[in-house]
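One file, coords28.cif, is given below (mmCIF, N, CA and C atoms and all ligand atoms).
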data_model
#
loop_
_atom_site.label_atom_id
_atom_site.label_comp_id
_atom_site.auth_asym_id
_atom_site.auth_seq_id
_atom_site.Cartn_x
_atom_site.Cartn_y
_atom_site.Cartn_z
N MET A 1 83.10 108.54 118.33
CA MET A 1 84.29 107.74 118.59
C MET A 1 85.44 108.28 117.74
N THR A 2 86.58 108.51 118.37
CA THR A 2 87.73 109.02 117.63
C THR A 2 88.32 107.91 116.77
N TRP A 3 89.11 108.30 115.76
CA TRP A 3 89.71 107.26 114.91
C TRP A 3 90.72 106.45 115.70
N ALA A 4 91.36 107.06 116.72
CA ALA A 4 92.30 106.31 117.56
C ALA A 4 91.56 105.20 118.31
N ARG A 5 90.36 105.52 118.78
CA ARG A 5 89.56 104.50 119.47
C ARG A 5 89.08 103.43 118.49
N LEU A 6 88.77 103.86 117.26
CA LEU A 6 88.38 102.87 116.24
C LEU A 6 89.51 101.90 115.96
N LEU A 7 90.76 102.41 115.85
CA LEU A 7 91.91 101.53 115.62
C LEU A 7 92.07 100.55 116.77
N LYS A 8 91.86 101.03 117.98
CA LYS A 8 91.97 100.17 119.16
C LYS A 8 90.88 99.11 119.13
N HIS A 9 89.68 99.53 118.80
CA HIS A 9 88.54 98.62 118.80
C HIS A 9 88.67 97.57 117.70
N VAL A 10 89.03 97.97 116.50
CA VAL A 10 89.03 97.06 115.35
C VAL A 10 90.31 96.23 115.28
N PHE A 11 91.47 96.88 115.48
CA PHE A 11 92.75 96.18 115.30
C PHE A 11 93.50 95.92 116.61
N ASP A 12 92.93 96.34 117.73
CA ASP A 12 93.61 96.25 119.02
C ASP A 12 94.97 96.95 118.95
N LEU A 13 94.97 98.09 118.28
CA LEU A 13 96.18 98.88 118.10
C LEU A 13 96.01 100.21 118.84
N ASP A 14 96.76 100.38 119.91
CA ASP A 14 96.62 101.60 120.71
C ASP A 14 97.69 102.60 120.29
N VAL A 15 97.28 103.57 119.48
CA VAL A 15 98.23 104.56 118.97
C VAL A 15 98.50 105.66 120.00
N GLU A 16 97.86 105.60 121.13
CA GLU A 16 98.05 106.61 122.15
C GLU A 16 98.89 106.11 123.33
N ARG A 17 99.36 104.86 123.23
CA ARG A 17 100.12 104.27 124.34
C ARG A 17 101.43 103.69 123.81
N CYS A 18 102.55 104.08 124.43
CA CYS A 18 103.87 103.57 124.06
C CYS A 18 104.09 102.20 124.70
N ASP A 19 104.99 101.41 124.12
CA ASP A 19 105.32 100.10 124.69
C ASP A 19 105.84 100.22 126.12
N CYS A 20 106.46 101.36 126.46
CA CYS A 20 106.99 101.56 127.81
C CYS A 20 105.91 101.93 128.81
N GLY A 21 104.68 102.13 128.32
CA GLY A 21 103.58 102.48 129.21
C GLY A 21 103.25 103.96 129.19
N GLY A 22 104.10 104.76 128.56
CA GLY A 22 103.86 106.20 128.49
C GLY A 22 102.79 106.56 127.47
N ASN A 23 102.34 107.79 127.54
CA ASN A 23 101.33 108.27 126.60
C ASN A 23 101.98 108.82 125.34
N LEU A 24 101.36 108.60 124.22
CA LEU A 24 101.82 109.14 122.95
C LEU A 24 100.80 110.18 122.48
N LYS A 25 101.30 111.18 121.78
CA LYS A 25 100.41 112.20 121.23
C LYS A 25 100.73 112.35 119.75
N LEU A 26 99.75 112.15 118.93
CA LEU A 26 99.95 112.33 117.49
C LEU A 26 100.06 113.81 117.18
N ILE A 27 101.07 114.16 116.41
CA ILE A 27 101.23 115.57 116.04
C ILE A 27 100.95 115.80 114.56
N ALA A 28 100.89 114.72 113.78
CA ALA A 28 100.58 114.86 112.37
C ALA A 28 100.22 113.50 111.79
N VAL A 29 99.41 113.53 110.76
CA VAL A 29 99.10 112.33 109.98
C VAL A 29 99.49 112.63 108.55
N ILE A 30 100.42 111.85 108.03
CA ILE A 30 100.92 112.08 106.67
C ILE A 30 100.30 111.03 105.75
N GLU A 31 99.60 111.50 104.75
CA GLU A 31 98.90 110.58 103.85
C GLU A 31 99.43 110.61 102.42
N GLN A 32 100.20 111.65 102.06
CA GLN A 32 100.66 111.78 100.68
C GLN A 32 101.82 110.82 100.44
N PRO A 33 101.67 109.85 99.52
CA PRO A 33 102.72 108.85 99.28
C PRO A 33 104.08 109.46 98.98
N GLU A 34 104.13 110.56 98.22
CA GLU A 34 105.43 111.14 97.86
C GLU A 34 106.13 111.71 99.09
N VAL A 35 105.36 112.23 100.04
CA VAL A 35 105.95 112.77 101.28
C VAL A 35 106.44 111.63 102.16
N ILE A 36 105.66 110.57 102.24
CA ILE A 36 106.05 109.39 103.03
C ILE A 36 107.35 108.81 102.47
N GLU A 37 107.42 108.69 101.14
CA GLU A 37 108.63 108.15 100.49
C GLU A 37 109.84 109.01 100.80
N LYS A 38 109.68 110.32 100.74
CA LYS A 38 110.77 111.25 100.99
C LYS A 38 111.29 111.09 102.43
N ILE A 39 110.39 110.98 103.38
CA ILE A 39 110.77 110.84 104.79
C ILE A 39 111.49 109.51 105.01
N LEU A 40 110.94 108.42 104.45
CA LEU A 40 111.57 107.11 104.64
C LEU A 40 112.97 107.07 104.04
N LYS A 41 113.12 107.65 102.84
CA LYS A 41 114.44 107.69 102.21
C LYS A 41 115.41 108.50 103.05
N HIS A 42 114.96 109.62 103.58
CA HIS A 42 115.80 110.46 104.42
C HIS A 42 116.28 109.70 105.65
N MET A 43 115.42 108.80 106.16
CA MET A 43 115.77 108.01 107.35
C MET A 43 116.57 106.77 107.00
N GLY A 44 116.86 106.58 105.70
CA GLY A 44 117.64 105.42 105.28
C GLY A 44 116.82 104.15 105.24
N LEU A 45 115.51 104.29 105.15
CA LEU A 45 114.61 103.13 105.12
C LEU A 45 114.09 102.92 103.70
N ASP A 46 113.76 101.68 103.39
CA ASP A 46 113.23 101.34 102.08
C ASP A 46 111.81 101.89 101.96
N PRO A 47 111.57 102.74 100.98
CA PRO A 47 110.23 103.30 100.84
C PRO A 47 109.22 102.34 100.22
N GLN A 48 109.72 101.22 99.70
CA GLN A 48 108.80 100.27 99.08
C GLN A 48 108.22 99.34 100.14
N PRO A 49 106.91 99.13 100.10
CA PRO A 49 106.32 98.20 101.07
C PRO A 49 106.75 96.77 100.77
N PRO A 50 106.71 95.89 101.76
CA PRO A 50 107.08 94.50 101.49
C PRO A 50 106.09 93.88 100.51
N PRO A 51 106.54 92.86 99.78
CA PRO A 51 105.63 92.23 98.81
C PRO A 51 104.44 91.60 99.52
N ARG A 52 103.32 91.66 98.82
CA ARG A 52 102.11 91.05 99.39
C ARG A 52 102.19 89.54 99.28
N ASP A 53 101.65 88.89 100.26
CA ASP A 53 101.57 87.44 100.24
C ASP A 53 100.45 87.04 99.28
N LYS A 54 100.54 85.82 98.74
CA LYS A 54 99.48 85.34 97.87
C LYS A 54 98.19 85.18 98.65
N ALA A 55 97.10 85.43 97.98
CA ALA A 55 95.80 85.21 98.62
C ALA A 55 95.64 83.71 98.88
N ARG A 56 95.08 83.41 100.01
CA ARG A 56 94.88 81.99 100.36
C ARG A 56 93.39 81.68 100.39
N ARG A 57 93.08 80.54 99.90
CA ARG A 57 91.69 80.12 99.91
C ARG A 57 91.36 79.58 101.30
N MET A 58 90.24 80.01 101.81
CA MET A 58 89.81 79.51 103.11
C MET A 58 88.43 78.87 102.94
N ASP A 59 88.32 77.67 103.41
CA ASP A 59 87.04 76.99 103.34
C ASP A 59 86.24 77.35 104.59
N LEU A 60 85.39 78.34 104.45
CA LEU A 60 84.68 78.87 105.61
C LEU A 60 83.51 78.00 106.07
N PHE A 61 83.01 77.19 105.16
CA PHE A 61 81.79 76.46 105.52
C PHE A 61 82.02 74.96 105.66
N GLY A 62 83.27 74.54 105.46
CA GLY A 62 83.57 73.12 105.61
C GLY A 62 82.95 72.31 104.48
N ALA A 63 83.68 71.36 104.01
CA ALA A 63 83.17 70.49 102.93
C ALA A 63 83.14 69.07 103.45
N ASP A 64 81.96 68.62 103.82
CA ASP A 64 81.87 67.23 104.25
C ASP A 64 80.74 66.49 103.61
ZN ZN B 101 107.88 104.89 125.54
#
Before anything else, please render the file you have as structure tokens.
Ligand SMILES: [Zn+2]
Amino acid sequence: MTWARLLKHVFDLDVERCDCGGNLKLIAVIEQPEVIEKILKHMGLDPQPPPRDKARRMDLFGAD
């Protein structure tokens, strides 16, 4: 199974299909944080990720 299929299976995220219905083709995967930051800054985008939300407690088993 390709990683693209894994993303589709686990997150329902189709990285091979555009919102317009066309096909997308990945030409590179950039993993180095310093390179990602450089590209985002060049595009005028904030390189810092949004703040994380606080962890929430979930009662999975119910308390009765
Ligand atoms: Zn498109």
Go through chain A and flag each residue having an atom no more than 6 Å from ligand ZN 101 (chain B); for those, report the closest pair of atoms plus their distance in Å to one decimal, using all atoms listed in the file, ordered by chain and rising number, as CSV.
residue,atom,partner,partner_atom,distance
A:Cys18,CA,B:ZN101,ZN,4.5
A:Asp19,N,B:ZN101,ZN,4.7
A:Cys20,N,B:ZN101,ZN,3.9
A:Gly21,N,B:ZN101,ZN,5.1
A:Gly22,N,B:ZN101,ZN,4.8
Those residues with N, CA and C atoms, as a short mmCIF file (atom, residue, chain, number, x, y, z; two decimals), in the coordinates of the input please?
data_model
loop_
_atom_site.label_atom_id
_atom_site.label_comp_id
_atom_site.auth_asym_id
_atom_site.auth_seq_id
_atom_site.Cartn_x
_atom_site.Cartn_y
_atom_site.Cartn_z
N CYS A 18 102.55 104.08 124.43
CA CYS A 18 103.87 103.57 124.06
C CYS A 18 104.09 102.20 124.70
N ASP A 19 104.99 101.41 124.12
CA ASP A 19 105.32 100.10 124.69
C ASP A 19 105.84 100.22 126.12
N CYS A 20 106.46 101.36 126.46
CA CYS A 20 106.99 101.56 127.81
C CYS A 20 105.91 101.93 128.81
N GLY A 21 104.68 102.13 128.32
CA GLY A 21 103.58 102.48 129.21
C GLY A 21 103.25 103.96 129.19
N GLY A 22 104.10 104.76 128.56
CA GLY A 22 103.86 106.20 128.49
C GLY A 22 102.79 106.56 127.47
#
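The space separating atom N of Ala4 in chain A from atom N of Ile27 in chain A comes to 12.0 Å.
Pairwise distance (atom C of Met1 in chain A, CA of Ile30 in chain A) equals 19.4 Å.
Taking atom C of Pro51 in chain A and atom N of Glu16 in chain A as the two end points, the separation is 26.6 Å.
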As a PDB file with N, CA and C atoms, in the coordinates of the input, which residues of chain A does DSSP assign to helix (DSSP H, G or I)?
ATOM      1  N   TRP A   3      89.110 108.300 115.760  1.00  0.00           N
ATOM      2  CA  TRP A   3      89.710 107.260 114.910  1.00  0.00           C
ATOM      3  C   TRP A   3      90.720 106.450 115.700  1.00  0.00           C
ATOM      4  N   ALA A   4      91.360 107.060 116.720  1.00  0.00           N
ATOM      5  CA  ALA A   4      92.300 106.310 117.560  1.00  0.00           C
ATOM      6  C   ALA A   4      91.560 105.200 118.310  1.00  0.00           C
ATOM      7  N   ARG A   5      90.360 105.520 118.780  1.00  0.00           N
ATOM      8  CA  ARG A   5      89.560 104.500 119.470  1.00  0.00           C
ATOM      9  C   ARG A   5      89.080 103.430 118.490  1.00  0.00           C
ATOM     10  N   LEU A   6      88.770 103.860 117.260  1.00  0.00           N
ATOM     11  CA  LEU A   6      88.380 102.870 116.240  1.00  0.00           C
ATOM     12  C   LEU A   6      89.510 101.900 115.960  1.00  0.00           C
ATOM     13  N   LEU A   7      90.760 102.410 115.850  1.00  0.00           N
ATOM     14  CA  LEU A   7      91.910 101.530 115.620  1.00  0.00           C
ATOM     15  C   LEU A   7      92.070 100.550 116.770  1.00  0.00           C
ATOM     16  N   LYS A   8      91.860 101.030 117.980  1.00  0.00           N
ATOM     17  CA  LYS A   8      91.970 100.170 119.160  1.00  0.00           C
ATOM     18  C   LYS A   8      90.880  99.110 119.130  1.00  0.00           C
ATOM     19  N   HIS A   9      89.680  99.530 118.800  1.00  0.00           N
ATOM     20  CA  HIS A   9      88.540  98.620 118.800  1.00  0.00           C
ATOM     21  C   HIS A   9      88.670  97.570 117.700  1.00  0.00           C
ATOM     22  N   VAL A  10      89.030  97.970 116.500  1.00  0.00           N
ATOM     23  CA  VAL A  10      89.030  97.060 115.350  1.00  0.00           C
ATOM     24  C   VAL A  10      90.310  96.230 115.280  1.00  0.00           C
ATOM     25  N   PHE A  11      91.470  96.880 115.480  1.00  0.00           N
ATOM     26  CA  PHE A  11      92.750  96.180 115.300  1.00  0.00           C
ATOM     27  C   PHE A  11      93.500  95.920 116.610  1.00  0.00           C
ATOM     28  N   PRO A  33     101.670 109.850  99.520  1.00  0.00           N
ATOM     29  CA  PRO A  33     102.720 108.850  99.280  1.00  0.00           C
ATOM     30  C   PRO A  33     104.080 109.460  98.980  1.00  0.00           C
ATOM     31  N   GLU A  34     104.130 110.560  98.220  1.00  0.00           N
ATOM     32  CA  GLU A  34     105.430 111.140  97.860  1.00  0.00           C
ATOM     33  C   GLU A  34     106.130 111.710  99.090  1.00  0.00           C
ATOM     34  N   VAL A  35     105.360 112.230 100.040  1.00  0.00           N
ATOM     35  CA  VAL A  35     105.950 112.770 101.280  1.00  0.00           C
ATOM     36  C   VAL A  35     106.440 111.630 102.160  1.00  0.00           C
ATOM     37  N   ILE A  36     105.660 110.570 102.240  1.00  0.00           N
ATOM     38  CA  ILE A  36     106.050 109.390 103.030  1.00  0.00           C
ATOM     39  C   ILE A  36     107.350 108.810 102.470  1.00  0.00           C
ATOM     40  N   GLU A  37     107.420 108.690 101.140  1.00  0.00           N
ATOM     41  CA  GLU A  37     108.630 108.150 100.490  1.00  0.00           C
ATOM     42  C   GLU A  37     109.840 109.010 100.800  1.00  0.00           C
ATOM     43  N   LYS A  38     109.680 110.320 100.740  1.00  0.00           N
ATOM     44  CA  LYS A  38     110.770 111.250 100.990  1.00  0.00           C
ATOM     45  C   LYS A  38     111.290 111.090 102.430  1.00  0.00           C
ATOM     46  N   ILE A  39     110.390 110.980 103.380  1.00  0.00           N
ATOM     47  CA  ILE A  39     110.770 110.840 104.790  1.00  0.00           C
ATOM     48  C   ILE A  39     111.490 109.510 105.010  1.00  0.00           C
ATOM     49  N   LEU A  40     110.940 108.420 104.450  1.00  0.00           N
ATOM     50  CA  LEU A  40     111.570 107.110 104.640  1.00  0.00           C
ATOM     51  C   LEU A  40     112.970 107.070 104.040  1.00  0.00           C
ATOM     52  N   LYS A  41     113.120 107.650 102.840  1.00  0.00           N
ATOM     53  CA  LYS A  41     114.440 107.690 102.210  1.00  0.00           C
ATOM     54  C   LYS A  41     115.410 108.500 103.050  1.00  0.00           C
ATOM     55  N   HIS A  42     114.960 109.620 103.580  1.00  0.00           N
ATOM     56  CA  HIS A  42     115.800 110.460 104.420  1.00  0.00           C
ATOM     57  C   HIS A  42     116.280 109.700 105.650  1.00  0.00           C
TER      58      HIS A  42
END
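Using all atoms listed in the file, the residues found no farther than 6.5 Å from range 45-49 of chain A, other than those of its own chain fewer than 5 positions away, are A:Ile36, A:Glu37, A:Leu40.
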